[in-house]
Amino acid sequence: MAAEGVRSVLARGCALLLPVFVLLEVNYPTLQPQTQLAVFAGLGVALCFLRPPDGAAGRAAGLLLAALTFAVFGYVAVQTEPVFSALWLAGRGLGDRAGLEQPLDVAVAVLGLALVFEAARRSVGWALPILAAVFLLYGSFGAALPGWLLPHRGYPLDRLAAQTFLHSQGVFGIALGVMFTYVFLFVLFGAVLEATGTTRSIVELARRLFRASAGGPAKVAVLASGLMGSLSGSAVANTATTGTFTIPMMRGAGFRSETAAAIEAAASSGGALVPPVMGAGAYMMLELVDPPVTYLEIVRAALLPAVLYYLSLLLLVHFRGRRAGVVGGTLEDPGTPRPGGAAMELAVFALGLGALLALLLLGFSVFRAVTGALATAMVLAACHPRTRLGPRRLADVCARAAVGTTPLVAAAACVGIVIGVVTLTGVGTRLPALILGLAEGNLAGALVLIMVSSIVLGMGLPSAVCYLLMATLIGPALAGLGIVPLAAHLFIFYFGMMSMVTPPVALAAYTASSIAESGLMASSFAAFRFALIGFALPFLFVYRPQLLMLDTAGAPAAAGSILLAVAVVVAGVVPLAAAMAGHWLAPLGAAWRGALGLAAAAILLPPQAAPGGTLAWWNLAGALLAAAVLARQWRRRAT
């Protein structure tokens with residue numbers, strides 16, 4: 001019991017210290033950058049080990065690993081921060097000892113790598129640690145590899161350990177830096193908004209909006225999941241939160257369990273694509289896109305694809321609702337809400353996001369903007385007892401946000417190992433040439449290869465981590481094919497998210513299935529069908545960068561070209577949704593569904609091999625075919 005008490009106190013202390021440390025150091029930095037990341041990672045990794053364990057042995061092991069974490073990451077901080085210069089080995093700071101590491105440095109690095117591996121295994125499973133281990137083996141035995149595996153001279157253990165743990169190109173590199181500077185604050189912002197009760201109020205608002213609409217309960221799920229998913233950035237967390245309300249509502253209105261789970265999973269998976277918050281990948285783009293872009297440019301580019309994704313979902317559930325005769329629906333809530341205050345909850349949500357956008361437009365940095373938005377939300381929440389966050393409740397919210405972020409911290413630290421090896425061996429400059437060779441210079445072939453790679457990696461990794469790995473390894477290959485850089489990065493980001501609804505490992509669909517009590521595979525394949533436009537959109541905005549409000553050179557596109565690109569996609573999305581639902585103005589037979597599917601494919605098919613084309617004859621032919629089917633539907637409904 002004493003060990004459990006110590007574990008509980010340490011866990012609570014780390015969970016409360018982490019948000020305070022991040023808020024202070026991001027806005028008013030006093031420490032060296034590597035010291036900041038060492039403290040941030042040390043607290044996050046220690047929290048991974050201090051989670052409630054099983055049995056006395058688990059408690060003892062967790063405490064031991066947490067103590068080693070404090071020692072190892074504390075060593076990095078002490079050996080980096082000038083205030084501790086009297087304790088520096090050989091009279092030099094850690095950065096000045098690069099290539100001249102002491103035996104104690106190497107021992108700490110090896111132990112640190114082992115702790116990062118174990119924290120990642122506990123947090124996100126085996127996939128990421130195995131991948132990092134493969135890269136370490138590649139770094140060690142590069143000289144023995146055949147030519148097709150990109151050999152290199154190979155590096156000894158001490159060099160690999162120093163590169164991946166002690167310096168700024170490994171664990172304490174870009175991945176962890178993005179988590180520290182951007183992601184954690186947005187997670188905290190989302191947690192505060194959710195704690196004020198916005199989830200239920202958004203669901204209730206959507207229910208009132210679609211009360212008399214065909215497929216109304218499913219439209220509630222789509223709208224609510226899109227709004228909430230933008231805050232959480234996690235498809236699984238979004239599904240678990242909003243699905244608790246929306247899935248019972250859809251089932252009660254007449255949707256099958258598998259369909260209800262699929263709609264919720266598809267809607268939640270697109271949440272991280274919705275501006276202005278988006279997922280962690282958006283903040284990584286600030287560091288990875290070359291030439292650099294601003295956060296507002298990313299938000300601007302992501303706006304139309306997000307709107308088109310959710311438009312396709314709304315159309316699909318509308319046609320499905322018309323076909324099944326589902327209208328309206330009641331909101332089933334496992335808890336009893338407190339009376340009054342719904343308008344205040346929505347005001348906190350709307351004004352909090354409004355403050356974020358306003359501060360960004362005024363030129364504030366991203367972390368200053370989200371800090372200001374967080375303060376705005378908390379001040380507004382204090383104006384009503386239903387939304388007010390007292391000291392104890394606020395502490396609980398901060399602690400939950402910290403604990404919820406620890407898997408991302410552990411994953412980012414583990415990804416840093418991969419990036420460190422990539423930087424050391426130079427494989428990142430040679431892999432794009434290999435991919436271009438496999439695709440034989442064909443843009444479509446390269447895009448398909450990258451799509452498959454992103455989906456496969458995304459099945460075992462958080463989407464933000466998947467994006468970071470793919471952008472680091474594969475991003476330069478797309479630049480070599482003449483794609484707008486921001487379009488290339490959004491292409492990778494989209495498919496990392498779509499892995500959440502891609503069988504056989506569709507984690508968002510699994511989560512929704514557990515709530516709906518439906519079959520795992522049936523729900524996964526249904527979610528894949530609902531999210532189908534999400535698999536087409538990345539190809540569309542690569543070939544039509546006007547969908548990102550950009551021209552082929554990456555500059556802002558003309559309004560006319562943007563409207564044309566949007567009109568083409570909408571013209572293709574409507575018949576595609578009708579074909580998948582089996583209903584347009586009236587029920588559709590198999591042959592007419594096939595004709596509509598063919599029409600949609602022809603409309604959406606890019607007009608030429610090079611991005612930026614306008615219209616081709618097959619686009620017009622597809623539109624005429626869709627119009628012919630619509631005319632037949634109109635006559636059938638009239639009779």
# chains A, B, ... in the order shown; residues from 1 in each chain; ligands from 1
>>> residues_around(residues="segment 546-555 of chain A", least_positions_apart="6", cutoff="8 Å", atoms="only C-alpha atoms", output="list in words")
Arg300, Ala301, Ala302, Leu303, Leu304, Pro305, Ile483, Val484, Pro485, Leu486, Ala487, Leu540, Ser561, Ile562, Ala565, Val566, Pro611 and Gly612 of chain A
>>> write_last_selection(atoms="N, CA and C atoms", output="PDB file, in the first residue's frame")
ATOM      1  N   ARG A 300      -5.930  27.653 -44.125  1.00  0.00           N
ATOM      2  CA  ARG A 300      -6.597  28.064 -45.369  1.00  0.00           C
ATOM      3  C   ARG A 300      -6.612  26.914 -46.374  1.00  0.00           C
ATOM      4  N   ALA A 301      -5.492  26.228 -46.505  1.00  0.00           N
ATOM      5  CA  ALA A 301      -5.409  25.136 -47.468  1.00  0.00           C
ATOM      6  C   ALA A 301      -6.289  23.959 -47.069  1.00  0.00           C
ATOM      7  N   ALA A 302      -6.430  23.730 -45.774  1.00  0.00           N
ATOM      8  CA  ALA A 302      -7.180  22.565 -45.303  1.00  0.00           C
ATOM      9  C   ALA A 302      -8.679  22.790 -45.281  1.00  0.00           C
ATOM     10  N   LEU A 303      -9.132  24.027 -45.448  1.00  0.00           N
ATOM     11  CA  LEU A 303     -10.549  24.345 -45.251  1.00  0.00           C
ATOM     12  C   LEU A 303     -11.468  23.642 -46.256  1.00  0.00           C
ATOM     13  N   LEU A 304     -11.218  23.835 -47.546  1.00  0.00           N
ATOM     14  CA  LEU A 304     -12.125  23.278 -48.552  1.00  0.00           C
ATOM     15  C   LEU A 304     -12.136  21.749 -48.558  1.00  0.00           C
ATOM     16  N   PRO A 305     -10.978  21.058 -48.470  1.00  0.00           N
ATOM     17  CA  PRO A 305     -11.049  19.598 -48.389  1.00  0.00           C
ATOM     18  C   PRO A 305     -11.860  19.098 -47.191  1.00  0.00           C
ATOM     19  N   ILE A 483       4.988  18.493 -57.305  1.00  0.00           N
ATOM     20  CA  ILE A 483       3.757  18.756 -56.566  1.00  0.00           C
ATOM     21  C   ILE A 483       3.964  19.978 -55.671  1.00  0.00           C
ATOM     22  N   VAL A 484       2.913  20.755 -55.485  1.00  0.00           N
ATOM     23  CA  VAL A 484       2.960  21.862 -54.526  1.00  0.00           C
ATOM     24  C   VAL A 484       3.332  21.287 -53.156  1.00  0.00           C
ATOM     25  N   PRO A 485       4.375  21.806 -52.476  1.00  0.00           N
ATOM     26  CA  PRO A 485       4.843  21.183 -51.231  1.00  0.00           C
ATOM     27  C   PRO A 485       3.755  20.993 -50.174  1.00  0.00           C
ATOM     28  N   LEU A 486       2.904  21.996 -49.958  1.00  0.00           N
ATOM     29  CA  LEU A 486       1.863  21.865 -48.953  1.00  0.00           C
ATOM     30  C   LEU A 486       0.859  20.788 -49.346  1.00  0.00           C
ATOM     31  N   ALA A 487       0.565  20.658 -50.642  1.00  0.00           N
ATOM     32  CA  ALA A 487      -0.322  19.590 -51.106  1.00  0.00           C
ATOM     33  C   ALA A 487       0.292  18.217 -50.828  1.00  0.00           C
ATOM     34  N   LEU A 540      -7.289  14.306 -55.490  1.00  0.00           N
ATOM     35  CA  LEU A 540      -7.927  15.435 -56.154  1.00  0.00           C
ATOM     36  C   LEU A 540      -7.173  16.730 -55.902  1.00  0.00           C
ATOM     37  N   SER A 561     -10.738  29.965 -60.471  1.00  0.00           N
ATOM     38  CA  SER A 561     -10.211  28.600 -60.549  1.00  0.00           C
ATOM     39  C   SER A 561     -10.578  27.794 -59.309  1.00  0.00           C
ATOM     40  N   ILE A 562     -10.657  28.463 -58.157  1.00  0.00           N
ATOM     41  CA  ILE A 562     -11.069  27.758 -56.927  1.00  0.00           C
ATOM     42  C   ILE A 562     -12.522  27.310 -57.055  1.00  0.00           C
ATOM     43  N   ALA A 565     -12.823  24.304 -59.419  1.00  0.00           N
ATOM     44  CA  ALA A 565     -12.366  23.056 -58.813  1.00  0.00           C
ATOM     45  C   ALA A 565     -13.380  22.522 -57.814  1.00  0.00           C
ATOM     46  N   VAL A 566     -13.938  23.407 -56.988  1.00  0.00           N
ATOM     47  CA  VAL A 566     -14.941  22.983 -56.004  1.00  0.00           C
ATOM     48  C   VAL A 566     -16.189  22.474 -56.709  1.00  0.00           C
ATOM     49  N   PRO A 611      -0.481  18.267 -62.555  1.00  0.00           N
ATOM     50  CA  PRO A 611      -1.471  18.950 -61.717  1.00  0.00           C
ATOM     51  C   PRO A 611      -1.879  20.293 -62.301  1.00  0.00           C
ATOM     52  N   GLY A 612      -3.087  20.715 -61.951  1.00  0.00           N
ATOM     53  CA  GLY A 612      -3.526  22.058 -62.273  1.00  0.00           C
ATOM     54  C   GLY A 612      -4.411  22.185 -63.482  1.00  0.00           C
TER      55      GLY A 612
END
>>> residues_around(residues="Gly622 of chain A", least_positions_apart="2", cutoff="7 Å", atoms="only C-alpha atoms", output="list in words")
Ala599, Ala600, Ala602, Ile603, Trp618, Asn619, Leu620, Leu624, Leu625 and Ala626 of chain A
>>> closest_residue(among="A:Thr239, A:Thr259, A:Thr181, A:Gln163", to="Pro33 of chain A", atoms="only C-alpha atoms")
A:Thr181
>>> closest_residue(among="A:Val317, A:Ala355, A:Leu227, A:Asn238", to="Gly215 of chain A", atoms="only C-alpha atoms")
A:Val317
>>> select_by_dssp(residues="segment 24-56 of chain A", states="alpha helix (DSSP H)", output="PyMOL selection string")
chain A and resi 24-27+33-49+55-56
>>> write_last_selection(atoms="C-alpha atoms", output="PDB file, in the first residue's frame")
ATOM      1  CA  LEU A  24       5.363  28.827 -18.614  1.00  0.00           C
ATOM      2  CA  GLU A  25       8.261  27.663 -20.781  1.00  0.00           C
ATOM      3  CA  VAL A  26       6.481  28.001 -24.109  1.00  0.00           C
ATOM      4  CA  ASN A  27       5.346  31.552 -23.403  1.00  0.00           C
ATOM      5  CA  PRO A  33      15.685  24.242 -25.823  1.00  0.00           C
ATOM      6  CA  GLN A  34      17.131  20.797 -25.089  1.00  0.00           C
ATOM      7  CA  THR A  35      16.570  21.276 -21.367  1.00  0.00           C
ATOM      8  CA  GLN A  36      12.940  22.143 -22.040  1.00  0.00           C
ATOM      9  CA  LEU A  37      12.458  18.964 -24.052  1.00  0.00           C
ATOM     10  CA  ALA A  38      14.318  16.846 -21.473  1.00  0.00           C
ATOM     11  CA  VAL A  39      12.013  18.016 -18.673  1.00  0.00           C
ATOM     12  CA  PHE A  40       8.928  17.678 -20.895  1.00  0.00           C
ATOM     13  CA  ALA A  41       9.858  14.169 -22.031  1.00  0.00           C
ATOM     14  CA  GLY A  42      10.958  13.129 -18.543  1.00  0.00           C
ATOM     15  CA  LEU A  43       7.585  14.041 -17.042  1.00  0.00           C
ATOM     16  CA  GLY A  44       5.667  12.464 -19.932  1.00  0.00           C
ATOM     17  CA  VAL A  45       7.636   9.207 -19.994  1.00  0.00           C
ATOM     18  CA  ALA A  46       7.497   8.932 -16.197  1.00  0.00           C
ATOM     19  CA  LEU A  47       3.702   9.261 -16.367  1.00  0.00           C
ATOM     20  CA  CYS A  48       3.643   6.295 -18.749  1.00  0.00           C
ATOM     21  CA  PHE A  49       5.261   4.196 -16.023  1.00  0.00           C
ATOM     22  CA  GLY A  55      -0.272  -6.099  -8.676  1.00  0.00           C
ATOM     23  CA  ALA A  56       2.557  -5.300  -6.309  1.00  0.00           C
TER      24      ALA A  56
END
>>> residues_around(residues="segment 190-201 of chain A", least_positions_apart="4", cutoff="9 Å", atoms="only C-alpha atoms", output="ChimeraX atom specification")
/A:185-186,205-206,224,228,230-232,241-242,245,333,337,342-343,345-346,348-349,352,374,377-378,381,386-389,393-394,397-398,400-401
>>> write_last_selection(atoms="C-alpha atoms", output="PDB file, in the first residue's frame")
ATOM      1  CA  LEU A 185      -1.381  23.316 -25.532  1.00  0.00           C
ATOM      2  CA  PHE A 186      -4.062  22.390 -28.058  1.00  0.00           C
ATOM      3  CA  LEU A 205     -27.627  21.760 -31.187  1.00  0.00           C
ATOM      4  CA  ALA A 206     -27.037  19.432 -34.124  1.00  0.00           C
ATOM      5  CA  ALA A 224     -20.899  16.913 -33.787  1.00  0.00           C
ATOM      6  CA  MET A 228     -15.333  17.919 -31.501  1.00  0.00           C
ATOM      7  CA  SER A 230     -11.076  19.296 -34.519  1.00  0.00           C
ATOM      8  CA  LEU A 231     -10.342  19.902 -30.845  1.00  0.00           C
ATOM      9  CA  SER A 232      -9.152  16.452 -29.833  1.00  0.00           C
ATOM     10  CA  THR A 241     -16.630  10.837 -26.651  1.00  0.00           C
ATOM     11  CA  THR A 242     -19.330  11.767 -29.156  1.00  0.00           C
ATOM     12  CA  PHE A 245     -24.363  10.141 -27.438  1.00  0.00           C
ATOM     13  CA  ASP A 333     -27.818  10.264 -22.565  1.00  0.00           C
ATOM     14  CA  PRO A 337     -27.597  16.906 -17.409  1.00  0.00           C
ATOM     15  CA  ALA A 342     -26.554  25.133 -22.757  1.00  0.00           C
ATOM     16  CA  ALA A 343     -26.263  28.527 -24.443  1.00  0.00           C
ATOM     17  CA  GLU A 345     -21.585  26.092 -23.111  1.00  0.00           C
ATOM     18  CA  LEU A 346     -21.933  26.895 -26.788  1.00  0.00           C
ATOM     19  CA  VAL A 348     -17.576  29.179 -24.460  1.00  0.00           C
ATOM     20  CA  PHE A 349     -16.945  26.866 -27.407  1.00  0.00           C
ATOM     21  CA  GLY A 352     -12.865  30.204 -27.483  1.00  0.00           C
ATOM     22  CA  LEU A 374      -7.393  29.038 -23.418  1.00  0.00           C
ATOM     23  CA  ALA A 377     -12.411  30.098 -22.561  1.00  0.00           C
ATOM     24  CA  MET A 378     -11.622  29.855 -18.843  1.00  0.00           C
ATOM     25  CA  ALA A 381     -16.567  29.537 -18.314  1.00  0.00           C
ATOM     26  CA  ARG A 386     -22.634  24.990 -15.226  1.00  0.00           C
ATOM     27  CA  THR A 387     -19.424  25.795 -17.106  1.00  0.00           C
ATOM     28  CA  ARG A 388     -17.334  27.095 -14.209  1.00  0.00           C
ATOM     29  CA  LEU A 389     -14.094  25.220 -13.504  1.00  0.00           C
ATOM     30  CA  ARG A 393     -11.993  20.654 -11.228  1.00  0.00           C
ATOM     31  CA  LEU A 394      -9.429  22.634 -13.228  1.00  0.00           C
ATOM     32  CA  VAL A 397      -8.817  18.686 -16.244  1.00  0.00           C
ATOM     33  CA  CYS A 398      -5.111  19.567 -16.458  1.00  0.00           C
ATOM     34  CA  ARG A 400      -6.358  14.330 -17.511  1.00  0.00           C
ATOM     35  CA  ALA A 401      -4.902  16.347 -20.385  1.00  0.00           C
TER      36      ALA A 401
END
